[in-house]
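Shown next: start_25.json, given as JSON, C-alpha atoms.
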[["chain", "number", "residue", "atom", "x", "y", "z"],
["A", 5, "MET", "CA", 0.00, 0.00, 0.00],
["A", 6, "GLN", "CA", 2.83, 2.37, 0.78],
["A", 7, "GLU", "CA", 4.32, 1.77, -2.65],
["A", 8, "GLU", "CA", 1.11, 2.83, -4.41],
["A", 9, "PHE", "CA", 1.10, 6.05, -2.39],
["A", 10, "TYR", "CA", 4.57, 6.90, -3.65],
["A", 11, "TYR", "CA", 3.51, 6.12, -7.22],
["A", 12, "GLY", "CA", 0.64, 8.54, -6.78],
["A", 13, "VAL", "CA", 2.93, 11.26, -5.41],
["A", 14, "PHE", "CA", 5.32, 10.74, -8.32],
["A", 15, "LEU", "CA", 2.51, 11.01, -10.88],
["A", 16, "LEU", "CA", 1.22, 14.14, -9.15],
["A", 17, "PHE", "CA", 4.64, 15.79, -9.46],
["A", 18, "ALA", "CA", 4.95, 14.62, -13.08],
["A", 19, "ALA", "CA", 1.52, 16.09, -13.90],
["A", 20, "ILE", "CA", 2.41, 19.40, -12.27],
["A", 21, "GLY", "CA", 5.73, 19.50, -14.14],
["A", 22, "VAL", "CA", 4.09, 18.79, -17.49],
["A", 23, "GLY", "CA", 1.37, 21.35, -16.82],
["A", 24, "VAL", "CA", 3.86, 24.07, -15.95],
["A", 25, "THR", "CA", 6.01, 23.25, -18.99],
["A", 26, "VAL", "CA", 3.03, 23.42, -21.37],
["A", 27, "TYR", "CA", 1.69, 26.63, -19.79],
["A", 28, "VAL", "CA", 5.05, 28.40, -20.02],
["A", 29, "GLY", "CA", 5.66, 27.14, -23.56],
["A", 30, "LEU", "CA", 2.29, 28.40, -24.78],
["A", 31, "GLY", "CA", 2.69, 31.70, -22.94],
["A", 32, "LYS", "CA", 6.04, 32.29, -24.64],
["A", 33, "GLU", "CA", 4.39, 32.52, -28.06],
["A", 34, "LYS", "CA", 2.42, 35.65, -27.19],
["A", 35, "TYR", "CA", 5.64, 37.66, -27.00],
["A", 36, "GLU", "CA", 6.90, 36.67, -30.45],
["A", 37, "VAL", "CA", 5.52, 39.59, -32.46],
["A", 38, "ASP", "CA", 7.62, 38.95, -35.59],
["A", 39, "ALA", "CA", 6.35, 35.38, -35.89],
["A", 40, "TYR", "CA", 2.78, 36.61, -35.47],
["A", 41, "ASN", "CA", 3.23, 39.22, -38.20],
["A", 42, "ARG", "CA", 4.72, 36.65, -40.59],
["A", 43, "GLU", "CA", 1.89, 34.22, -39.94],
["A", 44, "ASN", "CA", -0.85, 36.82, -40.44],
["A", 45, "SER", "CA", 0.49, 38.67, -43.46],
["A", 46, "PRO", "CA", -2.08, 39.27, -46.25],
["A", 47, "ASN", "CA", -0.18, 37.05, -48.72],
["A", 48, "LYS", "CA", -0.11, 34.15, -46.26],
["A", 49, "LEU", "CA", -3.81, 34.51, -45.48],
["A", 50, "GLU", "CA", -4.69, 34.45, -49.19],
["A", 51, "ALA", "CA", -2.58, 31.31, -49.72],
["A", 52, "ASN", "CA", -4.21, 29.65, -46.70],
["A", 53, "LYS", "CA", -7.65, 30.47, -48.09],
["A", 54, "ALA", "CA", -6.80, 28.80, -51.41],
["A", 55, "VAL", "CA", -5.42, 25.73, -49.64],
["A", 56, "GLY", "CA", -8.59, 25.51, -47.54],
["A", 57, "ILE", "CA", -10.82, 25.68, -50.59],
["A", 58, "TRP", "CA", -8.88, 23.00, -52.48],
["A", 59, "CYS", "CA", -8.60, 20.70, -49.47],
["A", 60, "GLY", "CA", -12.31, 21.08, -48.80],
["A", 61, "CYS", "CA", -13.09, 20.08, -52.39],
["A", 62, "ILE", "CA", -10.71, 17.11, -52.23],
["A", 63, "MET", "CA", -12.20, 15.79, -48.99],
["A", 64, "LEU", "CA", -15.77, 16.25, -50.26],
["A", 65, "LEU", "CA", -14.81, 14.23, -53.32],
["A", 66, "ALA", "CA", -13.30, 11.57, -51.03],
["A", 67, "THR", "CA", -16.57, 11.44, -49.08],
["A", 68, "ILE", "CA", -18.56, 11.02, -52.29],
["A", 69, "LEU", "CA", -16.23, 8.20, -53.39],
["A", 70, "PHE", "CA", -16.60, 6.58, -49.96],
["A", 71, "PHE", "CA", -20.39, 6.50, -50.20],
["A", 72, "VAL", "CA", -20.44, 5.37, -53.83],
["A", 73, "ALA", "CA", -17.98, 2.55, -53.14],
["A", 74, "GLY", "CA", -19.90, 1.54, -50.03],
["A", 75, "PHE", "CA", -23.49, 1.71, -51.19],
["A", 76, "VAL", "CA", -23.13, 0.81, -54.88],
["A", 77, "PHE", "CA", -20.28, -1.70, -54.81],
["A", 78, "ARG", "CA", -20.62, -2.90, -51.17],
["A", 79, "LEU", "CA", -16.93, -2.24, -50.46],
["A", 80, "TRP", "CA", -17.36, -0.98, -46.91],
["A", 81, "GLN", "CA", -14.32, -2.94, -45.67],
["A", 82, "VAL", "CA", -11.85, -1.18, -47.96],
["A", 83, "CYS", "CA", -13.45, 2.10, -49.02],
["A", 84, "TRP", "CA", -12.11, 3.90, -45.94],
["A", 85, "VAL", "CA", -8.83, 4.14, -47.85],
["A", 86, "VAL", "CA", -10.16, 7.16, -49.78],
["A", 87, "PHE", "CA", -9.77, 9.39, -46.69],
["A", 88, "PRO", "CA", -6.00, 8.87, -46.18],
["A", 89, "VAL", "CA", -5.54, 9.24, -49.94],
["A", 90, "GLY", "CA", -7.57, 12.45, -49.82],
["A", 91, "GLY", "CA", -5.35, 13.67, -47.00],
["A", 92, "LEU", "CA", -2.27, 12.98, -49.11],
["A", 93, "PHE", "CA", -3.80, 14.91, -52.00],
["A", 94, "CYS", "CA", -4.51, 17.79, -49.59],
["A", 95, "GLY", "CA", -0.84, 17.79, -48.66],
["A", 96, "ILE", "CA", 0.14, 17.87, -52.33],
["A", 97, "ALA", "CA", -2.29, 20.72, -52.98],
["A", 98, "ALA", "CA", -0.88, 22.68, -50.03],
["A", 99, "LEU", "CA", 2.68, 22.22, -51.29],
["A", 100, "VAL", "CA", 1.79, 23.24, -54.85],
["A", 101, "LEU", "CA", -0.21, 26.29, -53.75],
["A", 102, "SER", "CA", 2.45, 27.45, -51.28],
["A", 103, "ALA", "CA", 5.18, 27.08, -53.89],
["A", 104, "LYS", "CA", 3.03, 29.02, -56.34],
["A", 105, "LYS", "CA", 2.51, 31.93, -53.89],
["A", 106, "GLY", "CA", 6.01, 31.89, -52.42]]

Is it possible to express this structure as structure tokens?
Amino acid sequence: MQEEFYYGVFLLFAAIGVGVTVYVGLGKEKYEVDAYNRENSPNKLEANKAVGIWCGCIMLLATILFFVAGFVFRLWQVCWVVFPVGGLFCGIAALVLSAKKG
């Protein structure tokens, strides 16, 4: 019983340490004004908007393919694959659009 108490005390200290580390790490970002300005520049926001539109279209197409493969061809066991493939295409679209704007 005494051993479990010490495990609990250790986990309490570990949780406090992790909490403090995360809180300080997140609080540090609010003082980085240059990084904020780079992230919220008008060019970056326009590129992010284009990426969002294309990724939304790709994932809607993946959802349509999922339902067609499932309901029409009864491929429910394997049609989930369209979502990871759609995610990969979203990554490709983001790279192409960021290279185009940058």

Around all the atoms of region 21-28 of chain A listed in the file, with 5 Å of room on each side, what axis-aligned box do you get, giving centre and edge lengths in Å to one decimal, as AutoDock Vina command-line options?
--center_x 3.7 --center_y 23.6 --center_z -17.8 --size_x 14.6 --size_y 19.6 --size_z 17.2

Task: Pick from A:Gly21, A:Gly95, A:Gly12, A:Gly31, whichever lies nearest to Met63 (chain A) using all atoms listed in the file - done: A:Gly95

- [ ] Extract, using all atoms listed in the file, all DNA, RNA and protein residues at most 7 Å from region 43-56 of chain A, discarding same-chain residues fewer than 6 positions from it, and format them as a ChimeraX atom specification.
- [x] /A:97-98,101-102,105

Task: Atom pair CA of Ala19 (chain A) / CA of Glu33 (chain A): separation (Å) - done: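 CA of Ala19 (chain A) sits 21.9 Å away from CA of Glu33 (chain A).
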
Open item on the list: Give me, as a list in words, all polymer residues having an atom no more than 12 Å from region 87-89 of chain A, counting all atoms listed in the file and skipping those fewer than 5 positions away in the same chain.
Closed with: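 Listed by chain and then number, they are Cys59, Ile62, Met63, Leu64, Leu65, Ala66, Thr67, Ile68, Leu69, Phe70, Phe71, Val82, Cys94, Gly95 and Ile96 of chain A.
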
Dump C-alpha atoms for the selected residues as a tab-separated table (two decimals), in the coordinates of the input?
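Output (selection_17.tsv):
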chain	number	residue	atom	x	y	z
A	59	CYS	CA	-8.60	20.70	-49.47
A	62	ILE	CA	-10.71	17.11	-52.23
A	63	MET	CA	-12.20	15.79	-48.99
A	64	LEU	CA	-15.77	16.25	-50.26
A	65	LEU	CA	-14.81	14.23	-53.32
A	66	ALA	CA	-13.30	11.57	-51.03
A	67	THR	CA	-16.57	11.44	-49.08
A	68	ILE	CA	-18.56	11.02	-52.29
A	69	LEU	CA	-16.23	8.20	-53.39
A	70	PHE	CA	-16.60	6.58	-49.96
A	71	PHE	CA	-20.39	6.50	-50.20
A	82	VAL	CA	-11.85	-1.18	-47.96
A	94	CYS	CA	-4.51	17.79	-49.59
A	95	GLY	CA	-0.84	17.79	-48.66
A	96	ILE	CA	0.14	17.87	-52.33

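Straight-line separation from CA of Cys61 (chain A) to CA of Leu99 (chain A): 16.0 Å.
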
TODO: Between A:Val100, A:Met5, A:Ala18, A:Val13, single out the one closest to Trp58 (chain A), counting all atoms listed in the file.
DONE: A:Val100

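CA of Glu7 (chain A) is found 20.2 Å from CA of Ile20 (chain A).
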
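In this comparison, which uses all atoms listed in the file, the residue of A:Gly29, A:Gly60, A:Gly23, A:Gly74 approaching Gly91 (chain A) most closely is A:Gly60.
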